[in-house]
Each structure stands twice: as C-alpha cells, then as structure tokens.
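Q: The structure follows.
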Amino acid sequence: MFNHIYENKKVLVTGHTGFKGSWLCSWLKMMGARVYGISNEIYPDPSMFQVAGIGHELESHLADIRDLDEMKQIIGDIKPDFLFHMAAQPIVKKAFEEPVDTFTTNIIGTANILEALRVGDFPCVAVMITSDKCYDNVEWIWGYKETDHLGGKDPYSASKGGSELMIKTYFHSYFKKDDRIKMCSVRAGNVIGGGDWADARIVPDCFRAWSKGEKVVIRSPDATRPWQHVLEPLSGYLRTGQLLAEPGKINVNGEAYNFGPPTDQNYTVLDLLKELALNWEEGNDDMLQVEDGKFPESGLLKLNIDKALFDMHWNPTLSFKETAAFTSNWYKYYYQEQPGSMMDYTTAQISQYITIAKEKGISWAQK
C-alpha cells in the first residue's frame, strides 16, 4: 500500500500521543517506518497512547510546539523524511475557555514547525493537518471547498484558519522556491474511532457513560456532522505524503485538500448515538439525555472532497454503519472483554480496513 513509500523512512508525527496521532503511528509502524513523535504531554488518562503501548514502538519527545528553539533542535536532529503535523489544542469547548492558549498552540505552534523546516538542512515531505473548522461556517447546505473563506466566528475556528494562513505564507514565501520541502495542507471533518477519551467529545462521552451503565448527556442531538472513522482521513494524509514524495506523479505540492465521507453520509448526533448503541448493547434505547448547549456550536458543517477524488484518486472506504461498528467494537473490546493487547486489536482493525479498501478497489491500497 502507498507504493511502500514509508518503509524504512524516518517519519515524525507531532501530536503523536493524541487520538489521531496514536492511530497514525500504529499504521506507520505496520508499514515499516521509523517513527518519531513530539507532544507536550500524554493526556487524557486513559489514552490510546498508553493503553495500546504505542510509546514502546517509537522515539518519543515530550516538548511544547510553542518553543521554537526546541522544535529547531528536535526536528534538526531527527531530519525526518516525512513530517505529519497534527499537534494542536483540539477541543472546541476548551477554545472558548482558553482562547489565547488555543491561538498560540494552533497558530504559533504551526509557524514554529514550519520555521524549523525552513532553517533546516534536509529534505522533507510535510503534511500539515488542520480541521474542517478552518472554514468560515455560514451554515449553507453544500460542502465547503478548499477555495472557500477561512476562519470562523469562534476561537477554535479562528485558530484553525490562522494555522492555514501560516501554512500558505510559508509555502509561497519560502517552500515554493525550495525543492527541499514539499508540503500540503489537509482538512477533515469530525473523526471518531476507538481510543478517543478527550473531554467534551460525543463519542468518548458515550463510552465513558455506557461503560458505567449511565445515560449519555448530549447538548446538540440534531447537529449534523460528516462522521468518519479515524482511518479514513489518515489514509488521505498518507496518500498525500506518498504523492508529494513520488516524482513524476500528480503535482499536489502547495495544495490544500479536504478528506471526508461521501456527501450523503452526513448524520445527526442522534443518528450516530443510535448506531453506536446498536453495536454496544443491542436493543437498549434508554441511553440518551439531552441538555441545553452552554456555548454556540455550528449546526451543519460538511466538506466537498471532489478535489481529493480527482487529484489523488482517493475515496472513503467505510460506510456509516461500518464506521460505527469499528468504533463501538474497539471500545467494547477494551471495556467488556478483558483484552490481552489493545495494540494487537488496533492493528487488526487497521488490517481489516486495508482489506475492505482493497476489495473496493481504492487506489492507495492496491500496491
């Protein structure tokens, strides 16, 4: 898969102790990459990074991406062939409570990573990961394209729009004229999957509550989101890195790409909860409690993925039901089945995902 581009390569993942970072590191190790990570902490407790023993599989650096000198030192010492930047303050609710911390982490932290690449003396493929919430959400019914306006009215969206401006600035001011650095910006919608225990997220809240026999408290049951399993955008990020690294292929350098589910796969929070509950405990429909929201949140947000489909021949792999099943089954294995190894179960799910992608003829999985 991915034309074996990551085998024996040095791959640095910022935010490697987080939910998406942990899944990405697991997949990279399966492909034979030499994986390095930068994160400022291992949080929360439990975390996928801990329960799956991911720290045993790579070289880990605990450091704050807001420290420019330390980023220059670590990145300059590693000299990665590939860099996946996903370290961020990722919680919408926390952004309302701590806006300055969110701005400095997501905007200045991104600039520091780019600056470390700029002053380095090594070639690198950089995949810069932001969020679907980088767009100015005007609540329209069609998906946002890569050319739509960035930055929203809330602190989290503003921070992601700001990080996109850093990426655009560094590419056009420095990297466009520097063959050492190849770079893309990538954006994804609401990602779910096993191993996410972050605060104020609906899926972790579900399984924390259900594992104790409690109801799930939700604030926006009718909010629509482009739910996708974590492996879906990761396959897009890895495909992006592949195409940036392979000479003679489609030129994606300096571009931005959305990764999300098909346009007809946008479901409400209530739809998602029902499907997750079906896999967790079939027949139990008394698992939901609705509360009024305490801060404003967008009711509709989806992405147009035509550009990734056309340029990269990338397609989503899982249906909505498969996405919910993958997610529930991971948590069910952790909470209910006294597992021997969550790493083994995680890699088994990645293998299952790859098999489904091959069966569906998706390009990155074919060789």
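Following the order of the structure tokens, chains are lettered A, B, ..., residues in each are numbered from 1, and ligands are numbered from 1.
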Give me, as CSV, each residue of segment 145-202 of chain A that comes within 12 Å of segment 335-354 of chain A, together with its shortest interatomic pair and the distance in Å at one decimal, counting only C-alpha atoms, with rows ordered by chain and rising residue number.

A:
residue,atom,partner,partner_atom,distance
A:Gly193,CA,A:Thr346,CA,10.4
A:Gly194,CA,A:Thr346,CA,8.4
A:Gly195,CA,A:Thr346,CA,9.2

Q: Which residues of segment 78-146 of chain A have any atom within 10 Å of an atom in segment 25-42 of chain A when counting only C-alpha atoms, and what is the closest pair of atoms for each, with the distance in Å to one decimal? Order the rows by chain and rising number and write it as a tab-separated table.

A:
residue	atom	partner	partner_atom	distance
A:Ile78	CA	A:Tyr36	CA	8.1
A:Pro80	CA	A:Tyr36	CA	8.5
A:Asp81	CA	A:Arg34	CA	9.9
A:Phe82	CA	A:Val35	CA	9.7
A:Leu83	CA	A:Tyr36	CA	9.3
A:Phe84	CA	A:Gly37	CA	9.6
A:His85	CA	A:Ile38	CA	9.3
A:Met86	CA	A:Ser39	CA	9.7
A:Ala87	CA	A:Ser39	CA	6.8
A:Ala88	CA	A:Ser39	CA	9.3

Q: Those selected residues, please, written with N, CA and C atoms and delivered as a PDB file, in the first residue's frame.

A:
ATOM      1  N   ILE A  78      16.531  14.946  14.152  1.00  0.00           N
ATOM      2  CA  ILE A  78      15.887  13.781  13.529  1.00  0.00           C
ATOM      3  C   ILE A  78      16.082  13.809  12.009  1.00  0.00           C
ATOM      4  N   PRO A  80      13.715  14.316   9.589  1.00  0.00           N
ATOM      5  CA  PRO A  80      12.730  13.354   9.085  1.00  0.00           C
ATOM      6  C   PRO A  80      12.572  13.400   7.576  1.00  0.00           C
ATOM      7  N   ASP A  81      12.294  12.241   6.988  1.00  0.00           N
ATOM      8  CA  ASP A  81      11.921  12.184   5.571  1.00  0.00           C
ATOM      9  C   ASP A  81      10.498  12.688   5.373  1.00  0.00           C
ATOM     10  N   PHE A  82       9.637  12.396   6.359  1.00  0.00           N
ATOM     11  CA  PHE A  82       8.241  12.827   6.336  1.00  0.00           C
ATOM     12  C   PHE A  82       7.906  13.450   7.687  1.00  0.00           C
ATOM     13  N   LEU A  83       7.072  14.479   7.663  1.00  0.00           N
ATOM     14  CA  LEU A  83       6.565  15.083   8.889  1.00  0.00           C
ATOM     15  C   LEU A  83       5.058  15.230   8.763  1.00  0.00           C
ATOM     16  N   PHE A  84       4.332  14.678   9.730  1.00  0.00           N
ATOM     17  CA  PHE A  84       2.887  14.856   9.817  1.00  0.00           C
ATOM     18  C   PHE A  84       2.617  15.726  11.038  1.00  0.00           C
ATOM     19  N   HIS A  85       2.165  16.952  10.788  1.00  0.00           N
ATOM     20  CA  HIS A  85       1.942  17.888  11.892  1.00  0.00           C
ATOM     21  C   HIS A  85       0.470  17.896  12.276  1.00  0.00           C
ATOM     22  N   MET A  86       0.166  17.331  13.442  1.00  0.00           N
ATOM     23  CA  MET A  86      -1.201  17.365  13.943  1.00  0.00           C
ATOM     24  C   MET A  86      -1.274  17.808  15.403  1.00  0.00           C
ATOM     25  N   ALA A  87      -0.153  18.205  16.002  1.00  0.00           N
ATOM     26  CA  ALA A  87      -0.176  18.715  17.373  1.00  0.00           C
ATOM     27  C   ALA A  87      -1.019  19.987  17.417  1.00  0.00           C
ATOM     28  N   ALA A  88      -1.961  20.038  18.350  1.00  0.00           N
ATOM     29  CA  ALA A  88      -2.879  21.176  18.406  1.00  0.00           C
ATOM     30  C   ALA A  88      -3.671  21.131  19.700  1.00  0.00           C
TER      31      ALA A  88
END

Q: For segment 100-183 of chain A versus segment 252-262 of chain A, which residues have an atom no more than 7 Å away, and what is each residue's nearest atom pair and distance in Å rounded to one decimal, using only C-alpha atoms, chain-then-number order, as a Markdown table?

A:
| residue | atom | partner | partner_atom | distance |
| --- | --- | --- | --- | --- |
| A:Glu146 | CA | A:Ala256 | CA | 6.2 |
| A:Phe171 | CA | A:Gly254 | CA | 6.3 |
| A:Lys182 | CA | A:Asn253 | CA | 5.7 |
| A:Met183 | CA | A:Asn253 | CA | 5.5 |

Q: Compile the contact shell of Trp197 of chain A as a list in words: residues with an atom at most 7 Å away, counting only C-alpha atoms, same-chain residues fewer than 6 positions apart removed.

A: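 Counting only C-alpha atoms, the residues come to Pro44, Pro46, Ser47 and Pro204 of chain A.
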
Q: Would you put the residues from that selection into a file with C-alpha atoms, as a PDB file, in the first residue's frame?

A:
ATOM      1  CA  PRO A  44      -6.042  12.197  28.976  1.00  0.00           C
ATOM      2  CA  PRO A  46      -6.689   6.695  29.947  1.00  0.00           C
ATOM      3  CA  SER A  47      -5.325   7.466  26.495  1.00  0.00           C
ATOM      4  CA  PRO A 204     -15.765   9.445  24.304  1.00  0.00           C
TER       5      PRO A 204
END

Q: Please report, as a compact mmCIF listing (two decimals) with N, CA and C atoms, in the first residue's frame, each residue of segment 177-299 of chain A to which DSSP assigns alpha helix (DSSP H) when run on this structure's backbone.

A:
# COMPACT_ATOMS: atom_id res chain seq x y z
N ILE A 202 -18.44 13.81 21.81
CA ILE A 202 -19.62 12.98 21.98
C ILE A 202 -19.30 11.49 22.07
N VAL A 203 -18.37 11.00 21.23
CA VAL A 203 -18.09 9.56 21.26
C VAL A 203 -17.40 9.13 22.55
N PRO A 204 -16.34 9.81 23.00
CA PRO A 204 -15.76 9.45 24.30
C PRO A 204 -16.79 9.56 25.43
N ASP A 205 -17.63 10.60 25.38
CA ASP A 205 -18.66 10.75 26.41
C ASP A 205 -19.60 9.55 26.42
N CYS A 206 -19.93 9.06 25.22
CA CYS A 206 -20.79 7.88 25.11
C CYS A 206 -20.21 6.69 25.87
N PHE A 207 -19.00 6.36 25.52
CA PHE A 207 -18.45 5.10 26.04
C PHE A 207 -18.01 5.21 27.49
N ARG A 208 -17.63 6.41 27.93
CA ARG A 208 -17.38 6.59 29.36
C ARG A 208 -18.66 6.34 30.15
N ALA A 209 -19.78 6.89 29.65
CA ALA A 209 -21.06 6.72 30.34
C ALA A 209 -21.56 5.29 30.24
N TRP A 210 -21.55 4.74 29.05
CA TRP A 210 -22.10 3.40 28.86
C TRP A 210 -21.30 2.34 29.60
N LEU A 231 -9.41 6.18 10.53
CA LEU A 231 -8.55 5.64 9.47
C LEU A 231 -8.84 6.27 8.11
N GLU A 232 -10.01 6.85 7.93
CA GLU A 232 -10.35 7.48 6.65
C GLU A 232 -9.46 8.70 6.36
N PRO A 233 -9.47 9.73 7.22
CA PRO A 233 -8.57 10.84 6.92
C PRO A 233 -7.10 10.44 6.97
N LEU A 234 -6.74 9.50 7.85
CA LEU A 234 -5.34 9.06 7.89
C LEU A 234 -4.91 8.47 6.56
N SER A 235 -5.80 7.72 5.91
CA SER A 235 -5.46 7.19 4.59
C SER A 235 -5.24 8.33 3.61
N GLY A 236 -6.02 9.41 3.76
CA GLY A 236 -5.83 10.58 2.92
C GLY A 236 -4.51 11.29 3.20
N TYR A 237 -4.15 11.41 4.47
CA TYR A 237 -2.88 12.05 4.83
C TYR A 237 -1.71 11.24 4.28
N LEU A 238 -1.79 9.93 4.44
CA LEU A 238 -0.71 9.06 3.95
C LEU A 238 -0.64 9.08 2.42
N ARG A 239 -1.78 9.15 1.77
CA ARG A 239 -1.81 9.28 0.31
C ARG A 239 -1.18 10.61 -0.12
N THR A 240 -1.45 11.66 0.63
CA THR A 240 -0.86 12.96 0.34
C THR A 240 0.66 12.89 0.43
N GLY A 241 1.16 12.30 1.51
CA GLY A 241 2.61 12.16 1.66
C GLY A 241 3.23 11.36 0.54
N GLN A 242 2.54 10.30 0.12
CA GLN A 242 3.03 9.47 -0.98
C GLN A 242 3.18 10.29 -2.26
N LEU A 243 2.13 11.03 -2.62
CA LEU A 243 2.15 11.77 -3.88
C LEU A 243 3.13 12.94 -3.84
N LEU A 244 3.34 13.54 -2.67
CA LEU A 244 4.36 14.58 -2.55
C LEU A 244 5.76 14.02 -2.75
N ALA A 245 5.96 12.78 -2.30
CA ALA A 245 7.31 12.18 -2.32
C ALA A 245 7.67 11.54 -3.64
N VAL A 269 -26.13 13.87 15.42
CA VAL A 269 -25.59 13.26 16.64
C VAL A 269 -26.50 12.13 17.10
N LEU A 270 -27.79 12.33 17.01
CA LEU A 270 -28.72 11.29 17.43
C LEU A 270 -28.60 10.04 16.56
N ASP A 271 -28.45 10.22 15.25
CA ASP A 271 -28.23 9.08 14.35
C ASP A 271 -26.99 8.30 14.77
N LEU A 272 -25.93 9.03 15.06
CA LEU A 272 -24.68 8.38 15.44
C LEU A 272 -24.83 7.61 16.73
N LEU A 273 -25.46 8.23 17.73
CA LEU A 273 -25.62 7.56 19.02
C LEU A 273 -26.42 6.27 18.89
N LYS A 274 -27.46 6.30 18.09
CA LYS A 274 -28.28 5.10 17.91
C LYS A 274 -27.46 3.98 17.27
N GLU A 275 -26.64 4.32 16.29
CA GLU A 275 -25.84 3.30 15.61
C GLU A 275 -24.74 2.76 16.52
N LEU A 276 -24.11 3.64 17.30
CA LEU A 276 -23.10 3.18 18.26
C LEU A 276 -23.73 2.29 19.32
N ALA A 277 -24.90 2.68 19.81
CA ALA A 277 -25.58 1.91 20.84
C ALA A 277 -25.98 0.53 20.33
N LEU A 278 -26.37 0.46 19.05
CA LEU A 278 -26.76 -0.82 18.47
C LEU A 278 -25.62 -1.83 18.54
N ASN A 279 -24.41 -1.36 18.33
CA ASN A 279 -23.24 -2.25 18.40
C ASN A 279 -22.80 -2.51 19.83
N TRP A 280 -23.03 -1.55 20.71
CA TRP A 280 -22.61 -1.69 22.11
C TRP A 280 -23.54 -2.61 22.88

Q: What does the distance between atom CA of Ile108 of chain A and atom CA of Cys134 of chain A come to in Å, to one decimal place?

A: 15.4 Å

Q: Which residue out of A:Leu318, A:Thr327, A:Ile65, A:Asp222 has the minimum interatomic distance to Thr355 of chain A when only C-alpha atoms are used?

A: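 Closest candidate: A:Leu318.
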
Q: May I ask which of the residues A:Lys367, A:Lys145, A:Lys79, A:Arg118 is the closest one to Ile181 of chain A, counting only C-alpha atoms?

A: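 Once distances to Ile181 of chain A are computed over only C-alpha atoms, the minimum belongs to A:Arg118.
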
Q: Please, what distance in Å, to one decimal, runs between atom CA of Asp136 of chain A and atom CA of Pro99 of chain A?

A: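 It comes out at 17.4 Å.
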
Q: Show which residues sit within 12 Å of Gly161 of chain A, as a list of chain:residue names. Count only C-alpha atoms, and ignore same-chain residues fewer than 6 positions away.

A: A:Phe103, A:Asn106, A:Ile107, A:Thr110, A:Ile129, A:Thr130, A:Ser131, A:Asp132, A:Lys133, A:Cys134, A:Tyr135, A:Asp136, A:Asn137, A:Glu146, A:Asp148, A:His149, A:Leu150, A:Gly151, A:Gly152, A:Lys153, A:Asp154, A:Pro155, A:Ile167, A:Lys168, A:Ser185, A:Arg187

Q: Using only C-alpha atoms, which of the listed residues (A:Pro123, A:Gly162, A:Gly55, A:Gly189) sits closest to Gly143 of chain A?

A: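 Comparing A:Pro123, A:Gly162, A:Gly55, A:Gly189 against Gly143 of chain A, the winner is A:Gly189.
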
Q: Please indicate the distance in Å from atom CA of Leu24 of chain A to atom CA of His4 of chain A, rounded to one decimal place.

A: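 Spanning atom CA of Leu24 of chain A to atom CA of His4 of chain A is a straight-line distance of 15.6 Å.
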
Q: Which is closer to Ala158 of chain A than all the others in A:Val92, A:Lys212, A:Asp45, A:Val127, using only C-alpha atoms?

A: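 Nearest to Ala158 of chain A: A:Val92.
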